[in-house]
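Data block for protein_5.csv (CSV, C-alpha atoms):
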```csv
chain,number,residue,atom,x,y,z
A,296,MET,CA,-15.0,16.4,22.0
A,297,THR,CA,-14.9,14.9,18.5
A,298,PRO,CA,-17.1,11.8,18.4
A,299,VAL,CA,-15.3,8.7,17.2
A,300,GLN,CA,-17.1,6.2,14.9
A,301,LEU,CA,-15.6,2.9,15.8
A,302,ALA,CA,-15.3,0.0,13.3
A,303,ASN,CA,-17.9,-2.8,13.6
A,304,ARG,CA,-16.7,-5.2,16.2
A,305,VAL,CA,-15.1,-8.4,14.8
A,306,PRO,CA,-15.2,-11.3,17.3
A,307,LEU,CA,-11.8,-12.3,18.6
A,308,ASP,CA,-12.5,-15.9,17.7
A,309,ASP,CA,-12.6,-14.8,14.0
A,310,TYR,CA,-8.8,-14.3,14.2
A,311,ALA,CA,-8.2,-18.0,15.1
A,312,PRO,CA,-7.7,-19.1,11.5
A,313,VAL,CA,-5.0,-16.4,11.1
A,314,ILE,CA,-3.1,-16.5,14.4
A,315,GLY,CA,-4.2,-19.8,16.0
A,316,ALA,CA,-6.6,-20.5,18.9
A,317,GLY,CA,-3.7,-20.7,21.3
A,318,GLU,CA,-2.8,-17.0,20.8
A,319,ILE,CA,-6.4,-16.0,21.5
A,320,GLU,CA,-6.6,-18.0,24.7
A,321,GLU,CA,-3.3,-16.4,25.8
A,322,MET,CA,-4.8,-12.9,25.3
A,323,ARG,CA,-7.9,-13.9,27.3
A,324,ALA,CA,-5.7,-15.2,30.1
A,325,LEU,CA,-3.7,-11.9,30.1
A,326,ALA,CA,-6.8,-9.8,30.1
A,327,LYS,CA,-8.6,-11.7,33.0
A,328,PRO,CA,-6.8,-9.8,35.8
A,329,LEU,CA,-7.5,-6.5,34.0
A,330,ALA,CA,-11.3,-7.0,33.7
A,331,GLY,CA,-13.0,-3.7,34.3
A,332,CYS,CA,-9.8,-1.7,34.3
A,333,SER,CA,-10.4,1.7,32.6
A,334,VAL,CA,-8.2,2.7,29.7
A,335,GLU,CA,-8.2,6.0,27.8
A,336,MET,CA,-6.6,6.5,24.4
A,337,VAL,CA,-6.1,10.1,23.2
A,338,ASN,CA,-4.9,11.3,19.8
A,339,SER,CA,-5.5,14.2,17.4
A,340,THR,CA,-7.6,12.7,14.5
A,341,ALA,CA,-10.5,10.4,14.3
A,342,VAL,CA,-10.0,9.5,10.6
A,343,GLY,CA,-7.0,9.5,8.3
A,344,GLY,CA,-3.5,8.2,9.2
A,345,GLY,CA,-2.2,5.0,10.8
A,346,VAL,CA,-2.9,6.0,14.4
A,347,ALA,CA,-6.6,6.5,13.9
A,348,GLU,CA,-6.8,3.2,11.9
A,349,MET,CA,-5.1,1.2,14.6
A,350,LEU,CA,-7.3,2.6,17.4
A,351,ASN,CA,-10.4,2.0,15.4
A,352,ARG,CA,-9.5,-1.7,15.3
A,353,LEU,CA,-7.8,-2.0,18.7
A,354,VAL,CA,-10.5,-0.5,20.9
A,355,PRO,CA,-13.4,-2.9,20.0
A,356,LEU,CA,-11.0,-5.9,20.6
A,357,ALA,CA,-10.0,-4.6,24.0
A,358,GLU,CA,-13.6,-4.1,24.9
A,359,GLU,CA,-14.4,-7.7,24.1
A,360,LEU,CA,-11.6,-8.7,26.5
A,361,GLY,CA,-13.3,-6.9,29.3
A,362,LEU,CA,-11.4,-3.6,29.4
A,363,ASN,CA,-13.4,-0.4,30.0
A,364,ILE,CA,-11.7,1.4,27.2
A,365,ARG,CA,-12.6,4.7,25.5
A,366,TRP,CA,-11.0,6.8,22.7
A,367,GLU,CA,-10.9,10.6,22.8
A,368,VAL,CA,-9.9,12.9,20.0
A,369,MET,CA,-8.5,16.4,20.8
A,370,THR,CA,-9.7,19.4,18.8
A,371,GLY,CA,-7.8,22.3,17.4
A,372,GLY,CA,-7.9,25.2,15.0
A,373,ASP,CA,-5.9,25.6,11.8
A,374,ASP,CA,-3.2,27.5,13.7
A,375,PHE,CA,-2.7,24.5,16.1
A,376,PHE,CA,-2.4,22.0,13.3
A,377,GLU,CA,-0.1,24.2,11.3
A,378,VAL,CA,2.2,24.3,14.4
A,379,THR,CA,2.0,20.6,15.1
A,380,LYS,CA,2.6,19.7,11.5
A,381,ALA,CA,5.7,21.9,11.6
A,382,PHE,CA,6.7,20.2,14.9
A,383,HIS,CA,6.1,16.8,13.2
A,384,ASN,CA,8.5,17.6,10.3
A,385,ALA,CA,11.0,19.1,12.7
A,386,LEU,CA,11.0,16.0,14.9
A,387,HIS,CA,11.8,14.0,11.8
A,388,GLY,CA,14.8,16.2,11.3
A,389,GLU,CA,13.6,19.0,9.0
A,390,PRO,CA,15.0,22.5,9.5
A,391,TYR,CA,12.7,24.7,11.6
A,392,HIS,CA,13.0,27.8,13.7
A,393,PRO,CA,10.1,28.0,16.1
A,394,GLU,CA,8.8,31.3,17.4
A,395,PRO,CA,7.6,31.7,21.0
A,396,ALA,CA,4.1,32.1,19.7
A,397,HIS,CA,4.2,28.6,18.3
A,398,PHE,CA,4.8,27.1,21.7
A,399,ASP,CA,2.1,29.4,23.2
A,400,ILE,CA,-0.4,28.0,20.6
A,401,PHE,CA,0.5,24.5,21.5
A,402,ARG,CA,0.1,25.1,25.2
A,403,ALA,CA,-3.2,26.9,24.8
A,404,TYR,CA,-4.9,24.2,22.7
A,405,ASN,CA,-3.6,21.4,25.0
A,406,GLU,CA,-5.0,23.3,28.0
A,407,GLN,CA,-8.4,23.9,26.3
A,408,ASN,CA,-8.7,20.2,25.5
A,409,PHE,CA,-7.5,18.6,28.8
A,410,LYS,CA,-9.9,20.9,30.7
A,411,ARG,CA,-12.7,19.4,28.5
A,412,ILE,CA,-11.7,15.8,28.3
A,413,PRO,CA,-12.1,13.7,31.4
A,414,LEU,CA,-8.7,12.1,32.0
A,415,ASP,CA,-9.7,9.8,34.8
A,416,ALA,CA,-8.8,6.3,33.6
A,417,GLU,CA,-6.4,3.9,35.3
A,418,PHE,CA,-4.3,3.8,32.1
A,419,ILE,CA,-4.0,6.9,29.9
A,420,ILE,CA,-2.2,6.5,26.6
A,421,ILE,CA,-1.4,9.8,24.9
A,422,HIS,CA,-0.5,9.4,21.2
A,423,ASP,CA,2.1,11.5,19.5
A,424,PRO,CA,3.2,15.1,20.1
A,425,GLN,CA,-0.1,16.9,19.6
A,426,PRO,CA,-1.7,16.1,23.0
A,427,ALA,CA,1.6,15.5,24.8
A,428,GLY,CA,0.8,18.5,27.1
A,429,PHE,CA,-2.2,16.7,28.6
A,430,ILE,CA,0.2,15.4,31.3
A,431,GLN,CA,-0.3,18.8,33.0
A,432,ALA,CA,-3.8,17.7,33.9
A,433,ARG,CA,-2.4,14.9,36.0
A,434,SER,CA,-3.2,15.2,39.7
A,435,GLN,CA,-1.8,13.5,42.7
A,436,LYS,CA,-0.1,10.7,40.6
A,437,ALA,CA,-3.4,9.4,39.6
A,438,GLY,CA,-3.4,6.6,37.0
A,439,HIS,CA,-0.6,5.3,34.8
A,440,TRP,CA,0.3,7.8,32.0
A,441,ILE,CA,2.1,6.5,28.9
A,442,TRP,CA,3.2,8.6,25.9
A,443,ARG,CA,3.0,6.6,22.7
A,444,CYS,CA,5.2,8.1,20.0
A,445,HIS,CA,4.5,6.9,16.4
A,446,ILE,CA,7.2,9.1,14.7
A,447,ASP,CA,10.9,8.8,14.1
A,448,LEU,CA,12.8,10.7,16.8
A,449,SER,CA,16.3,9.5,15.8
A,450,HIS,CA,17.4,12.9,14.7
A,451,PRO,CA,15.0,15.5,16.0
A,452,ASN,CA,15.2,19.3,15.7
A,453,PRO,CA,16.7,20.2,19.2
A,454,SER,CA,14.5,23.2,19.9
A,455,VAL,CA,11.3,21.3,19.3
A,456,TRP,CA,12.5,18.1,21.1
A,457,ASP,CA,13.6,20.1,24.1
A,458,PHE,CA,10.2,21.7,24.4
A,459,LEU,CA,8.4,18.3,23.9
A,460,GLU,CA,10.7,16.5,26.3
A,461,SER,CA,9.7,18.8,29.2
A,462,TYR,CA,6.3,17.1,28.9
A,463,VAL,CA,7.4,13.6,28.0
A,464,SER,CA,9.7,13.3,31.0
A,465,GLN,CA,6.6,13.6,33.3
A,466,TYR,CA,5.0,10.4,32.0
A,467,ASP,CA,5.4,7.0,33.6
A,468,GLY,CA,6.8,5.5,30.4
A,469,ALA,CA,7.1,6.0,26.6
A,470,ILE,CA,6.4,3.6,23.8
A,471,PHE,CA,8.3,3.8,20.5
A,472,SER,CA,7.8,2.0,17.2
A,473,SER,CA,11.5,1.2,16.6
A,474,PRO,CA,14.6,0.9,18.8
A,475,GLN,CA,16.3,3.6,16.7
A,476,PHE,CA,13.6,6.1,17.7
A,477,ALA,CA,14.2,5.9,21.5
A,478,ARG,CA,15.6,8.9,23.3
A,479,GLN,CA,17.7,9.3,26.5
A,480,LEU,CA,14.9,9.6,29.0
A,481,GLN,CA,14.6,9.1,32.7
A,482,ILE,CA,11.4,7.1,32.3
A,483,PRO,CA,11.0,3.5,31.1
A,484,GLN,CA,10.8,3.0,27.3
A,485,TYR,CA,8.9,0.2,25.5
A,486,LEU,CA,9.0,-1.2,21.9
A,487,PHE,CA,5.5,-1.6,20.3
A,488,PHE,CA,5.4,-2.3,16.6
A,489,PRO,CA,2.4,-0.7,14.9
A,490,ALA,CA,0.0,-3.2,13.4
A,491,ILE,CA,-2.6,-3.9,10.8
A,492,ASP,CA,-5.8,-5.8,11.2
A,493,PRO,CA,-5.9,-8.7,8.8
A,494,LEU,CA,-9.7,-8.9,8.9
A,495,ALA,CA,-10.3,-5.1,8.3
A,496,GLU,CA,-11.8,-4.1,4.9
A,497,LYS,CA,-8.4,-2.8,3.9
A,498,ASN,CA,-6.6,-6.1,4.3
A,499,ARG,CA,-9.2,-9.0,4.0
A,500,GLU,CA,-9.4,-11.2,1.0
A,501,LEU,CA,-11.3,-9.8,-2.0
A,502,GLU,CA,-13.2,-11.3,-4.8
A,503,PRO,CA,-11.2,-11.0,-8.1
A,504,GLU,CA,-14.4,-9.5,-9.7
A,505,PHE,CA,-14.3,-6.6,-7.3
A,506,ILE,CA,-10.7,-5.9,-7.9
A,507,MET,CA,-11.3,-5.8,-11.7
A,508,GLN,CA,-14.3,-3.4,-11.1
A,509,VAL,CA,-12.0,-1.0,-9.2
A,510,LEU,CA,-9.3,-1.1,-12.0
A,511,GLU,CA,-12.0,-0.4,-14.6
A,512,ARG,CA,-13.4,2.5,-12.5
A,513,TYR,CA,-10.0,4.2,-12.5
A,514,SER,CA,-9.1,3.2,-16.1
A,515,ILE,CA,-6.2,1.0,-15.0
A,516,ASP,CA,-5.0,-1.7,-17.4
A,517,PRO,CA,-5.0,-5.1,-15.6
A,518,VAL,CA,-2.5,-6.6,-18.2
A,519,ARG,CA,0.4,-4.2,-18.0
A,520,PRO,CA,2.6,-4.0,-14.8
A,521,ILE,CA,1.2,-1.7,-12.1
A,522,LEU,CA,3.4,0.2,-9.7
A,523,THR,CA,1.6,1.6,-6.7
A,524,GLN,CA,2.3,3.9,-3.7
A,525,ILE,CA,-0.5,4.2,-1.1
A,526,SER,CA,0.1,7.0,1.4
A,527,ARG,CA,-1.1,10.4,2.5
A,528,PHE,CA,-0.2,13.2,0.1
A,529,ASP,CA,2.7,14.4,2.2
A,530,ARG,CA,6.1,15.7,1.1
A,531,LEU,CA,7.9,13.3,3.5
A,532,LYS,CA,6.3,10.4,1.5
A,533,ASP,CA,8.0,11.8,-1.6
A,534,PRO,CA,5.3,11.2,-4.2
A,535,VAL,CA,7.1,13.4,-6.7
A,536,GLY,CA,10.2,11.2,-6.3
A,537,VAL,CA,8.0,8.2,-7.0
A,538,ILE,CA,7.0,9.8,-10.3
A,539,ARG,CA,10.6,10.4,-11.2
A,540,ALA,CA,11.5,6.7,-10.4
A,541,TYR,CA,8.6,5.5,-12.5
A,542,ARG,CA,9.8,7.6,-15.5
A,543,ILE,CA,13.2,5.9,-15.3
A,544,VAL,CA,11.5,2.4,-15.2
A,545,ARG,CA,9.2,3.4,-18.0
A,546,ARG,CA,12.2,3.6,-20.4
A,547,TYR,CA,12.5,-0.2,-20.0
A,548,PHE,CA,9.0,-1.5,-19.2
A,549,ASP,CA,5.6,-0.5,-20.4
A,550,CYS,CA,4.1,0.0,-16.9
A,551,GLN,CA,1.6,2.2,-15.0
A,552,LEU,CA,1.8,4.1,-11.8
A,553,ILE,CA,-0.8,4.6,-9.1
A,554,LEU,CA,-0.4,7.2,-6.4
A,555,ALA,CA,-3.4,6.9,-4.1
A,556,GLY,CA,-4.2,8.3,-0.7
A,557,GLY,CA,-6.0,11.0,1.2
A,558,SER,CA,-5.3,13.4,4.0
A,559,ALA,CA,-5.6,13.5,7.7
A,560,SER,CA,-7.6,16.2,9.5
A,561,ASP,CA,-4.5,17.2,11.4
A,562,ASP,CA,-2.4,17.7,8.3
A,563,PRO,CA,-3.0,21.1,6.6
A,564,GLU,CA,-0.4,20.6,3.9
A,565,GLY,CA,-2.2,17.8,2.1
A,566,ALA,CA,-4.0,19.8,-0.5
A,567,GLN,CA,-0.9,21.7,-1.6
A,568,VAL,CA,1.1,18.5,-1.9
A,569,LEU,CA,-1.7,16.9,-4.0
A,570,LYS,CA,-1.5,19.8,-6.4
A,571,GLU,CA,2.2,19.4,-6.7
A,572,VAL,CA,1.9,15.7,-7.5
A,573,ARG,CA,-0.7,16.4,-10.2
A,574,GLN,CA,1.6,19.0,-11.8
A,575,ALA,CA,4.5,16.5,-11.7
A,576,ALA,CA,2.3,13.9,-13.4
A,577,GLU,CA,1.9,16.2,-16.4
A,578,ASP,CA,-1.3,14.6,-17.7
A,579,ASP,CA,0.5,11.3,-18.3
A,580,PRO,CA,-2.5,8.9,-18.8
A,581,ASP,CA,-0.5,6.1,-17.2
A,582,ILE,CA,-0.1,8.0,-13.9
A,583,LYS,CA,-3.2,7.7,-11.8
A,584,VAL,CA,-3.3,10.3,-8.9
A,585,LEU,CA,-6.2,9.2,-6.8
A,586,GLU,CA,-7.5,11.1,-3.9
A,587,LEU,CA,-9.4,8.6,-1.8
A,588,PRO,CA,-11.5,9.3,1.2
A,589,PRO,CA,-10.9,7.5,4.5
A,590,TRP,CA,-14.0,5.5,3.9
A,591,ALA,CA,-12.6,3.8,0.8
A,592,PRO,CA,-10.6,0.9,2.4
A,593,LEU,CA,-11.9,-1.7,0.0
A,594,GLU,CA,-10.6,0.4,-3.0
A,595,VAL,CA,-7.2,0.7,-1.3
A,596,ASN,CA,-7.2,-3.1,-0.7
A,597,ALA,CA,-8.1,-3.7,-4.4
A,598,LEU,CA,-5.4,-1.4,-5.7
A,599,GLN,CA,-2.8,-3.0,-3.6
A,600,ARG,CA,-3.9,-6.5,-4.6
A,601,ALA,CA,-3.9,-5.6,-8.3
A,602,SER,CA,-0.3,-4.2,-8.0
A,603,THR,CA,2.7,-5.8,-9.5
A,604,ILE,CA,5.1,-3.9,-7.1
A,605,VAL,CA,4.3,-1.6,-4.2
A,606,LEU,CA,6.6,1.3,-3.4
A,607,GLN,CA,7.0,3.3,-0.2
A,608,LYS,CA,9.7,5.9,-1.1
A,609,SER,CA,9.5,8.0,2.0
A,610,LEU,CA,12.1,10.6,2.9
A,611,ARG,CA,11.2,10.3,6.6
A,612,GLU,CA,8.9,7.8,8.1
A,613,GLY,CA,7.4,6.8,11.5
A,614,PHE,CA,6.7,3.3,10.6
A,615,GLY,CA,4.8,3.1,7.3
A,616,LEU,CA,2.0,0.6,7.9
A,617,THR,CA,1.2,0.7,4.2
A,618,VAL,CA,4.3,-1.5,3.8
A,619,SER,CA,2.9,-4.1,6.2
A,620,GLU,CA,-0.4,-3.9,4.3
A,621,ALA,CA,1.3,-4.7,1.0
A,622,LEU,CA,3.5,-7.5,2.5
A,623,TRP,CA,0.4,-9.1,4.0
A,624,LYS,CA,-1.0,-9.3,0.5
A,625,LYS,CA,2.2,-11.0,-0.6
A,626,LYS,CA,3.3,-8.1,-2.8
A,627,PRO,CA,6.9,-7.4,-3.5
A,628,VAL,CA,7.8,-4.1,-1.9
A,629,VAL,CA,10.5,-1.5,-2.9
A,630,ALA,CA,10.9,1.0,0.0
A,631,ALA,CA,13.2,3.6,1.4
A,632,ALA,CA,15.5,2.6,4.2
A,633,VAL,CA,14.1,5.2,6.6
A,634,GLY,CA,12.2,5.1,9.9
A,635,GLY,CA,10.5,1.9,10.8
A,636,ILE,CA,10.5,0.5,7.2
A,637,PRO,CA,13.7,-1.6,7.7
A,638,ASN,CA,11.8,-3.4,10.5
A,639,GLN,CA,9.3,-4.6,7.9
A,640,VAL,CA,11.4,-4.8,4.7
A,641,ILE,CA,14.4,-7.0,5.4
A,642,HIS,CA,16.6,-6.4,2.4
A,643,LYS,CA,16.5,-9.3,-0.1
A,644,HIS,CA,14.4,-11.3,2.3
A,645,THR,CA,11.0,-9.6,2.6
A,646,GLY,CA,11.5,-6.8,0.1
A,647,LEU,CA,14.1,-4.5,-1.4
A,648,LEU,CA,15.4,-1.3,0.2
A,649,ALA,CA,16.5,1.8,-1.8
A,650,HIS,CA,18.2,5.1,-0.9
A,651,SER,CA,17.5,7.3,-3.9
A,652,VAL,CA,15.2,7.8,-6.9
A,653,GLU,CA,17.6,6.0,-9.1
A,654,GLY,CA,18.0,3.2,-6.5
A,655,ALA,CA,14.2,2.7,-6.3
A,656,ALA,CA,14.0,2.6,-10.1
A,657,TYR,CA,16.8,0.0,-10.3
A,658,GLN,CA,15.1,-2.3,-7.7
A,659,VAL,CA,11.7,-2.0,-9.5
A,660,ARG,CA,13.4,-2.9,-12.8
A,661,PHE,CA,15.1,-5.9,-11.1
A,662,LEU,CA,11.8,-7.3,-9.8
A,663,LEU,CA,10.0,-6.8,-13.1
A,664,SER,CA,12.8,-8.7,-14.7
A,665,HIS,CA,12.8,-11.5,-12.1
A,666,PRO,CA,9.1,-12.3,-11.2
A,667,GLU,CA,10.1,-15.5,-9.4
A,668,ILE,CA,12.2,-13.5,-6.9
A,669,ALA,CA,9.4,-11.0,-6.5
A,670,ALA,CA,7.0,-13.8,-5.6
A,671,ARG,CA,9.4,-15.3,-3.0
A,672,LEU,CA,9.9,-11.8,-1.4
A,673,GLY,CA,6.1,-11.6,-1.2
A,674,GLU,CA,5.7,-14.9,0.5
A,675,ASN,CA,8.4,-14.1,3.0
A,676,GLY,CA,6.9,-10.7,3.7
A,677,HIS,CA,3.5,-12.2,4.4
A,678,ALA,CA,5.0,-14.5,7.0
A,679,HIS,CA,7.0,-11.7,8.6
A,680,VAL,CA,3.9,-9.5,9.0
A,681,LYS,CA,1.9,-12.5,10.5
A,682,GLU,CA,4.7,-13.0,13.1
A,683,ASN,CA,5.2,-9.3,14.1
A,684,PHE,CA,2.7,-6.7,12.8
A,685,LEU,CA,-0.9,-7.8,13.4
A,686,ILE,CA,-3.3,-6.0,15.6
A,687,THR,CA,-3.6,-9.0,17.9
A,688,GLN,CA,0.1,-8.7,18.7
A,689,ASN,CA,-0.3,-5.0,19.4
A,690,LEU,CA,-3.2,-5.7,21.8
A,691,LYS,CA,-1.2,-8.4,23.6
A,692,ARG,CA,1.7,-5.9,24.2
A,693,TYR,CA,-0.8,-3.4,25.7
A,694,LEU,CA,-2.2,-6.1,28.0
A,695,THR,CA,1.3,-7.1,29.1
A,696,LEU,CA,2.2,-3.5,29.8
A,697,PHE,CA,-0.9,-2.9,31.8
A,698,LEU,CA,-0.3,-6.0,33.9
A,699,ALA,CA,3.3,-5.1,34.5
A,700,SER,CA,2.2,-1.5,35.6
A,701,LEU,CA,-0.3,-2.9,38.1
A,702,ARG,CA,2.2,-5.3,39.6
A,703,ALA,CA,4.9,-2.6,39.9
A,704,ALA,CA,2.4,-0.3,41.6
```

Give the structure from this file in C-alpha cells form.
Amino acid sequence: MTPVQLANRVPLDDYAPVIGAGEIEEMRALAKPLAGCSVEMVNSTAVGGGVAEMLNRLVPLAEELGLNIRWEVMTGGDDFFEVTKAFHNALHGEPYHPEPAHFDIFRAYNEQNFKRIPLDAEFIIIHDPQPAGFIQARSQKAGHWIWRCHIDLSHPNPSVWDFLESYVSQYDGAIFSSPQFARQLQIPQYLFFPAIDPLAEKNRELEPEFIMQVLERYSIDPVRPILTQISRFDRLKDPVGVIRAYRIVRRYFDCQLILAGGSASDDPEGAQVLKEVRQAAEDDPDIKVLELPPWAPLEVNALQRASTIVLQKSLREGFGLTVSEALWKKKPVVAAAVGGIPNQVIHKHTGLLAHSVEGAAYQVRFLLSHPEIAARLGENGHAHVKENFLITQNLKRYLTLFLASLRAA
C-alpha cells in the first residue's frame, strides 16, 4: 500500500469565522450517532489532482468528529495507468477502441490491490474508475459500498462504460458531482459537489509581500494584467487553446499569461503535454509555463491572487476545482461551459462562460475593458463558493449519507 501523508489537522472550530458556529454545531450533532463508525476511502493517487487534495483535507476533519476513517491508495504499473487514462478520456467522450488485453490489465491490478488492502469498514467509498473493481472483494453484503465518480459521464464511450457499469451496478449507491453526469442505474444516486478547503495553504489569505516575492521569482510583472490558468498539463484542459486565446487578447492589451500546474501520479501523459505547451509558447517572455510540484500550494495561491483574470478553458471537465479556488479569491473567471464548471460559473453572475478560443478571448477582453464588472463577478463568485463548495459542506453530505444508510439498514 502507498502511505498517505495527511495534511496537518486544522481544528473544526477554526472554520467558525468562515461558515458560522451554527454550521459546526450541526456537523457535530450529525456525527454523534456515527461515533466510532469505520470509514474507508480508496483512490488511485496520494498527491496530484483534486481527489487527493479533497481527501487530504476531509479525512482529518472526519477524524475530529469521531469517525474511524482511513484513506488507502491503490498501486499500479505504467500499463495500468495508461489503460485507466485512456478509460478516463473515453468516459469523457473521446474516441477509443479498447482491446481485450486492456480490460484484463484493469482486472488484474484491481485484484492485486483488493487482495492487499483490507476492505473491512462499515462505509467504503471507492473513488473513480481506477479501483471500481474492488467491489469484487465484497463478501456477504458486508458494509455499505459507495462508488464516488468525479468525472463527467454525460457522454461516455459505450464500450468503456458498459465494462465499468458491470462493477458500478454492484454498489449500494453512486455519488456524482453534477446532475448531468448521472447515469441510468438500478442503484441510488447522490449529488455531492466537490469542495475546497478555505483554510488550506492553497486558499488561505496571504501577505502581499509573499505574493510579490512569488511574482519576482518567476519574473512576472505585477503592473501589467495577468491571465492565469492553473491545472494539470492535460490535453482536456486545453492549455494550447489558452495560449491561442491569449494571443488574440494580446493584440488589444499588453498582458501576460501564466500556465501553471503539475501532474498526477496516475496520469502518464503529463510530460508530453507539458512539452507541447512549451513548444506552443515559442519562447514568448510573457508566457510563463510553470511546472509546480504538489507541495507548492502557497505558490499556486499567490499566482491566483496576483491574477487579473483566471481562465479554465477545459475541453472536458469533471468539476474543475481550480475554478472554485479562483472564485473564493474573488477573481473574475472566464471558463468553458463543460462538465461541472457551469455549476460554479453562473454566466454573467459569478463569471463568464465561453465555448471556443475566440469566445474565451472575447470574454477576457470584455473584463479587461470593464474592471468594475470583473470586480462584481468576483464578489458574487466568492459568495457562491462559500454557500456551496467548501470542504465543510462536503463533510456534512457524507455524514448525512452515512446516517441515512444506517437507518435504512

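Of the residues listed (A:Gly673, A:Pro580, A:Gly634, A:Pro589), A:Gly634 shows the shortest atom-to-atom separation from A:Ser473; distances use only C-alpha atoms.
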
Q.
Taking all atoms listed in the file into account, name the residue in A:Lys608, A:Arg692, A:Arg443, A:His383 that is nearest to A:Ala477.
A.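 Answer, going by the shortest atom-to-atom distance: A:Arg443.
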
Find the residues near A:Gly331: any atom within 12 Å, counting all atoms listed in the file, skip ones fewer than 2 places away on the same chain, and give them as a JSON list (two decimals) with C-alpha atoms, in the coordinates of the input.
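And here's out.json as it stands now:
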```json
[["chain", "number", "residue", "atom", "x", "y", "z"],
["A", 326, "ALA", "CA", -6.80, -9.80, 30.10],
["A", 327, "LYS", "CA", -8.60, -11.70, 33.00],
["A", 328, "PRO", "CA", -6.80, -9.80, 35.80],
["A", 329, "LEU", "CA", -7.50, -6.50, 34.00],
["A", 333, "SER", "CA", -10.40, 1.70, 32.60],
["A", 334, "VAL", "CA", -8.20, 2.70, 29.70],
["A", 357, "ALA", "CA", -10.00, -4.60, 24.00],
["A", 358, "GLU", "CA", -13.60, -4.10, 24.90],
["A", 359, "GLU", "CA", -14.40, -7.70, 24.10],
["A", 360, "LEU", "CA", -11.60, -8.70, 26.50],
["A", 361, "GLY", "CA", -13.30, -6.90, 29.30],
["A", 362, "LEU", "CA", -11.40, -3.60, 29.40],
["A", 363, "ASN", "CA", -13.40, -0.40, 30.00],
["A", 364, "ILE", "CA", -11.70, 1.40, 27.20],
["A", 416, "ALA", "CA", -8.80, 6.30, 33.60],
["A", 417, "GLU", "CA", -6.40, 3.90, 35.30],
["A", 418, "PHE", "CA", -4.30, 3.80, 32.10]]
```

Q. From the set A:Val537, A:His392, A:Ser339, A:Ile543, which residue has the shortest atom-to-atom contact distance to A:Gly372, counting all atoms listed in the file?
A. A:Ser339

Q: Kindly indicate which residue among A:Ser464, A:Ser602, A:Ser434, A:Asn384 lies nearest to A:Asp529, using all atoms listed in the file for the distances.
A: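 Among A:Ser464, A:Ser602, A:Ser434, A:Asn384, it is A:Asn384 that comes nearest to A:Asp529.
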
Q.
Just to confirm, what's the straight-line distance from atom CA of A:Trp366 to atom CA of A:Glu335 in Å (one decimal)?
A.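 It comes out at 5.9 Å.
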
Q.
One decimal, in Å: what's the spacing between atom CA of A:Asn452 and atom CA of A:Pro395?
A. 15.5 Å

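Checking A:Phe458, A:Leu531, A:Val595, A:Leu448 one by one against A:Asp399, counting only C-alpha atoms, you find the shortest gap at A:Phe458.
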
(Q) So that I can check the surroundings of stretch 429-431 of chain A, please list as a PyMOL selection string every protein, DNA and RNA residue that reaches within 10 Å of it, counting only C-alpha atoms and ignoring chain neighbours fewer than 6 positions away. (A) chain A and resi 337+402+404-410+412+414+419+421+440-442+462-466

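Residue nearest A:Ser472 within the list A:Val313, A:Leu616, A:Ala495, A:Leu325: A:Leu616 [criterion: smallest interatomic distance, all atoms listed in the file].
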
Return as AutoDock Vina command-line options the box centre and box size in Å, one decimal, for an axis-aligned box around all listed atoms of stretch 433-452 of chain A padded by 8 Å per side.
```
--center_x 7.0 --center_y 12.3 --center_z 28.4 --size_x 36.8 --size_y 30.0 --size_z 44.6
```

**Q.** Non-local contacts of A:Val680 (9 Å; all atoms listed in the file; under 2 positions in same chain excluded) as a VMD selection string
**A.** chain A and resid 490 to 491 619 to 620 622 to 623 639 675 to 678 682 to 685

(Q) So that I can check the surroundings of stretch 501-503 of chain A, please list as JSON, numbers by chain every protein, DNA and RNA residue that reaches within 10 Å of it, counting all atoms listed in the file and ignoring chain neighbours fewer than 6 positions away. (A) {"A": [593, 596, 597, 600, 601]}

(Q) Can you tell me which residues surround A:Leu647 at a distance of at most 8 Å, considering only C-alpha atoms, apart from same-chain residues fewer than 4 positions away, and format the answer as a count of residues only? (A) 8

Please report, as a tab-separated table, each residue of stretch 541-649 of chain A lying at most 10 Å from stretch 666-671 of chain A, together with the nearest pair of atoms and the separation in Å rounded to one decimal; use all atoms listed in the file, and order rows by chain and ascending residue number.
```
residue	atom	partner	partner_atom	distance
A:Thr603	CA	A:Ala669	CA	9.0
A:Ile604	CA	A:Ala669	CA	8.3
A:Lys625	CA	A:Ala670	CA	7.5
A:Lys626	CA	A:Ala670	CA	7.3
A:Pro627	CA	A:Ala669	CA	5.3
A:Val628	CA	A:Ala669	CA	8.4
A:Lys643	CA	A:Ile668	CA	9.1
A:His644	CA	A:Arg671	CA	8.3
A:Thr645	CA	A:Arg671	CA	8.1
A:Gly646	CA	A:Ala669	CA	8.1
A:Leu647	CA	A:Ala669	CA	9.5
```

Q) Expressed in Å to a single decimal, how great is the separation between atom CA of A:Pro563 and atom CA of A:Val342? A)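 Spanning atom CA of A:Pro563 to atom CA of A:Val342 is a straight-line distance of 14.1 Å.
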
Dump as a short mmCIF file (atom, residue, chain, number, x, y, z; two decimals) with C-alpha atoms, in the coordinates of the input all residues having an atom at most 6 Å from (-14.2, -9.4, 19.2), computed in the file's coordinates with all atoms listed in the file.
```cif
data_model
loop_
_atom_site.label_atom_id
_atom_site.label_comp_id
_atom_site.auth_asym_id
_atom_site.auth_seq_id
_atom_site.Cartn_x
_atom_site.Cartn_y
_atom_site.Cartn_z
CA ARG A 304 -16.70 -5.20 16.20
CA VAL A 305 -15.10 -8.40 14.80
CA PRO A 306 -15.20 -11.30 17.30
CA LEU A 307 -11.80 -12.30 18.60
CA LEU A 356 -11.00 -5.90 20.60
CA GLU A 359 -14.40 -7.70 24.10
#
```
